[in-house]
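Below: one structure, written as structure tokens.
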Amino acid sequence: MTQNHREGAALPPDDDGGTLDPRQASDPPTAAASNTRAMDNGPQDDPVTLYGVELRSRLLLGTARYPSPAHLEDAVAASGAEILTVSLRREAIGLAAQSEGEATGFWRLLRSSGARLLPNTAGCFTAQEAITTAQMAREVFGVDWIKLEVIGGEDTLHPEVFGLVEAATALTAEGFKVFPYTTADLSVAERLLEAGCEVLMPWGAPIGTARGLADPYALRMMRAAFPETPLIVDAGIGRPSHGRRRWSSEWTPFC
């Protein structure tokens, strides 16, 4: 789960495990699994502001791996999310394999959802690859928000922080509003802010592991170091309860 994160008492231990292979993601989300609004979708009286846009929901919802556009539509409605992430590469491949009607339905759903789109650069392993993908996403979706991912390796899908800072510097210079997928390393965070990022997206755990927040202490350290910067916990969140725990003004969960 994602998006402006922080605070509070120590987290209780989490023994629900999760797959050790980040490439073996959990089953596609369903409307029932995504019904976090019914479970209290964040503090509705405590909006968060990202790049000048005020949002009431602190949940960001992904759009990949749903069985059908109808399932995605149900999940968007149930979650109350105001930001939907979308992968230019993944959706381009997926839509190419779908019938024309299915593809049209997906794009119509995105446009009619009323949510703000946050394209990402998933699958990019170099700074230049991520920059090019971001530029293409801006042309396709007509937005200057970009969730910037530069991946260090296929085994863990961990952020490649040197390429990340390089790409963030170039994209902010081009007017992009960058949401960088990063670790909780404070030095890297500082470089990203210096590059022009106004939001940080530290991982909760490696992508696909569904382990929840692996190192809440590191996230609290990041909050203390950058008290005015929105923090969006990204990756590793496998259950609504993982995000609900940190549903506070400290950080925002990302699904």
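Labels used: A, B, ... for chains in the order of the structure tokens, numbers from 1 for residues in each chain, and numbers from 1 for ligands as shown.
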Taking the DSSP secondary structure from the backbone, can you list the residues of stretch 93-233 of chain A that are strand (DSSP E), as an NGL selection string? :A and (116-120 or 145-148 or 177-182 or 201-202 or 232-233)
Determine which residues of stretch 155-232 of chain A receive a DSSP assignment of alpha helix (DSSP H), computed from the backbone, and state them as a PyMOL selection string. chain A and resi 161-173+186-195+216-225
Mind dumping the selected residues with N, CA, C and O atoms as a compact mmCIF listing (two decimals), in the first residue's frame?
# COMPACT_ATOMS: atom_id res chain seq x y z
N VAL A 161 19.95 2.82 -6.56
CA VAL A 161 19.83 4.18 -6.07
C VAL A 161 20.68 5.18 -6.85
O VAL A 161 20.32 6.37 -6.93
N PHE A 162 21.80 4.75 -7.43
CA PHE A 162 22.63 5.68 -8.18
C PHE A 162 21.92 6.10 -9.47
O PHE A 162 21.84 7.29 -9.79
N GLY A 163 21.37 5.12 -10.17
CA GLY A 163 20.59 5.44 -11.37
C GLY A 163 19.32 6.19 -11.02
O GLY A 163 18.86 7.03 -11.80
N LEU A 164 18.75 5.89 -9.86
CA LEU A 164 17.53 6.58 -9.43
C LEU A 164 17.78 8.08 -9.27
O LEU A 164 16.99 8.91 -9.75
N VAL A 165 18.85 8.44 -8.58
CA VAL A 165 19.17 9.85 -8.38
C VAL A 165 19.46 10.52 -9.72
O VAL A 165 19.01 11.65 -9.98
N GLU A 166 20.18 9.83 -10.60
CA GLU A 166 20.48 10.38 -11.93
C GLU A 166 19.20 10.66 -12.71
O GLU A 166 19.03 11.74 -13.30
N ALA A 167 18.29 9.68 -12.73
CA ALA A 167 17.04 9.84 -13.47
C ALA A 167 16.16 10.91 -12.84
O ALA A 167 15.53 11.71 -13.54
N ALA A 168 16.10 10.95 -11.51
CA ALA A 168 15.29 11.96 -10.83
C ALA A 168 15.78 13.36 -11.14
O ALA A 168 14.98 14.28 -11.36
N THR A 169 17.08 13.54 -11.18
CA THR A 169 17.66 14.85 -11.49
C THR A 169 17.25 15.30 -12.89
O THR A 169 16.84 16.45 -13.11
N ALA A 170 17.35 14.38 -13.85
CA ALA A 170 17.02 14.71 -15.23
C ALA A 170 15.52 14.98 -15.40
O ALA A 170 15.12 15.93 -16.09
N LEU A 171 14.69 14.18 -14.78
CA LEU A 171 13.25 14.32 -14.97
C LEU A 171 12.68 15.56 -14.28
O LEU A 171 11.80 16.22 -14.83
N THR A 172 13.17 15.88 -13.09
CA THR A 172 12.68 17.10 -12.44
C THR A 172 13.08 18.33 -13.26
O THR A 172 12.33 19.31 -13.31
N ALA A 173 14.24 18.27 -13.91
CA ALA A 173 14.66 19.37 -14.77
C ALA A 173 13.73 19.53 -15.97
O ALA A 173 13.61 20.62 -16.54
N LEU A 186 19.13 7.30 4.32
CA LEU A 186 18.96 8.74 4.50
C LEU A 186 19.82 9.55 3.53
O LEU A 186 19.41 10.63 3.09
N SER A 187 21.01 9.05 3.19
CA SER A 187 21.86 9.77 2.25
C SER A 187 21.23 9.81 0.86
O SER A 187 21.25 10.84 0.18
N VAL A 188 20.66 8.69 0.45
CA VAL A 188 19.98 8.64 -0.84
C VAL A 188 18.77 9.57 -0.83
O VAL A 188 18.52 10.31 -1.79
N ALA A 189 18.02 9.56 0.26
CA ALA A 189 16.85 10.44 0.38
C ALA A 189 17.27 11.90 0.23
O ALA A 189 16.59 12.69 -0.45
N GLU A 190 18.36 12.27 0.86
CA GLU A 190 18.83 13.64 0.77
C GLU A 190 19.19 14.02 -0.66
O GLU A 190 18.87 15.11 -1.13
N ARG A 191 19.83 13.09 -1.38
CA ARG A 191 20.18 13.35 -2.78
C ARG A 191 18.93 13.50 -3.64
O ARG A 191 18.90 14.33 -4.56
N LEU A 192 17.92 12.72 -3.36
CA LEU A 192 16.68 12.82 -4.12
C LEU A 192 15.98 14.15 -3.89
O LEU A 192 15.45 14.77 -4.82
N LEU A 193 15.99 14.61 -2.66
CA LEU A 193 15.39 15.91 -2.36
C LEU A 193 16.20 17.02 -3.02
O LEU A 193 15.62 17.99 -3.55
N GLU A 194 17.50 16.90 -3.02
CA GLU A 194 18.35 17.89 -3.68
C GLU A 194 18.10 17.89 -5.19
O GLU A 194 18.23 18.92 -5.85
N ALA A 195 17.72 16.74 -5.74
CA ALA A 195 17.44 16.64 -7.17
C ALA A 195 16.12 17.30 -7.55
O ALA A 195 15.84 17.50 -8.73
N PRO A 216 10.47 -0.90 10.41
CA PRO A 216 9.77 0.33 10.79
C PRO A 216 10.70 1.35 11.44
O PRO A 216 10.46 2.55 11.33
N TYR A 217 11.75 0.88 12.11
CA TYR A 217 12.69 1.80 12.74
C TYR A 217 13.36 2.68 11.68
O TYR A 217 13.51 3.90 11.88
N ALA A 218 13.74 2.10 10.55
CA ALA A 218 14.37 2.88 9.49
C ALA A 218 13.41 3.93 8.93
O ALA A 218 13.81 5.06 8.61
N LEU A 219 12.13 3.58 8.85
CA LEU A 219 11.14 4.54 8.36
C LEU A 219 10.95 5.68 9.35
O LEU A 219 10.78 6.83 8.97
N ARG A 220 10.98 5.36 10.64
CA ARG A 220 10.86 6.42 11.64
C ARG A 220 12.09 7.33 11.61
O ARG A 220 11.98 8.55 11.81
N MET A 221 13.26 6.77 11.36
CA MET A 221 14.47 7.57 11.21
C MET A 221 14.35 8.52 10.02
O MET A 221 14.73 9.69 10.09
N MET A 222 13.79 8.02 8.93
CA MET A 222 13.59 8.86 7.75
C MET A 222 12.60 9.98 8.06
O MET A 222 12.80 11.13 7.66
N ARG A 223 11.52 9.65 8.78
CA ARG A 223 10.55 10.69 9.14
C ARG A 223 11.20 11.76 10.00
O ARG A 223 10.97 12.95 9.81
N ALA A 224 12.03 11.34 10.96
CA ALA A 224 12.69 12.30 11.84
C ALA A 224 13.66 13.18 11.06
O ALA A 224 13.81 14.37 11.35
N ALA A 225 14.33 12.60 10.07
CA ALA A 225 15.31 13.35 9.29
C ALA A 225 14.66 14.33 8.33
O ALA A 225 15.21 15.40 8.06
Using only C-alpha atoms, the shortest atom-to-atom distance to A:Ile207 among A:Val178, A:Val86, A:Ala122, A:Met136 belongs to A:Ala122
Taking only C-alpha atoms into account, which of A:Pro230, A:Gly208, A:Pro47, A:Pro180 comes nearest A:Leu157?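 Looking only at the distances to A:Leu157, the closest residue turns out to be A:Gly208.
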Need the shell around A:Gly236: protein/DNA/RNA residues with any atom at most 8 Å away, counting only C-alpha atoms. Skip same-chain ones fewer than 5 positions apart. Format as a PyMOL selection string? chain A and resi 203-213
Looking at only C-alpha atoms, which of A:Phe176, A:Ala77, A:Glu160, A:Gly153 is the one that sits closest to A:Ile131?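 Using only C-alpha atoms, the shortest distance to A:Ile131 belongs to A:Phe176.
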Enter the distance from atom CA of A:Leu60 to atom CA of A:Cys124, in Å, rounded to one decimal.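 That distance, rounded to one decimal, is 21.0 Å.
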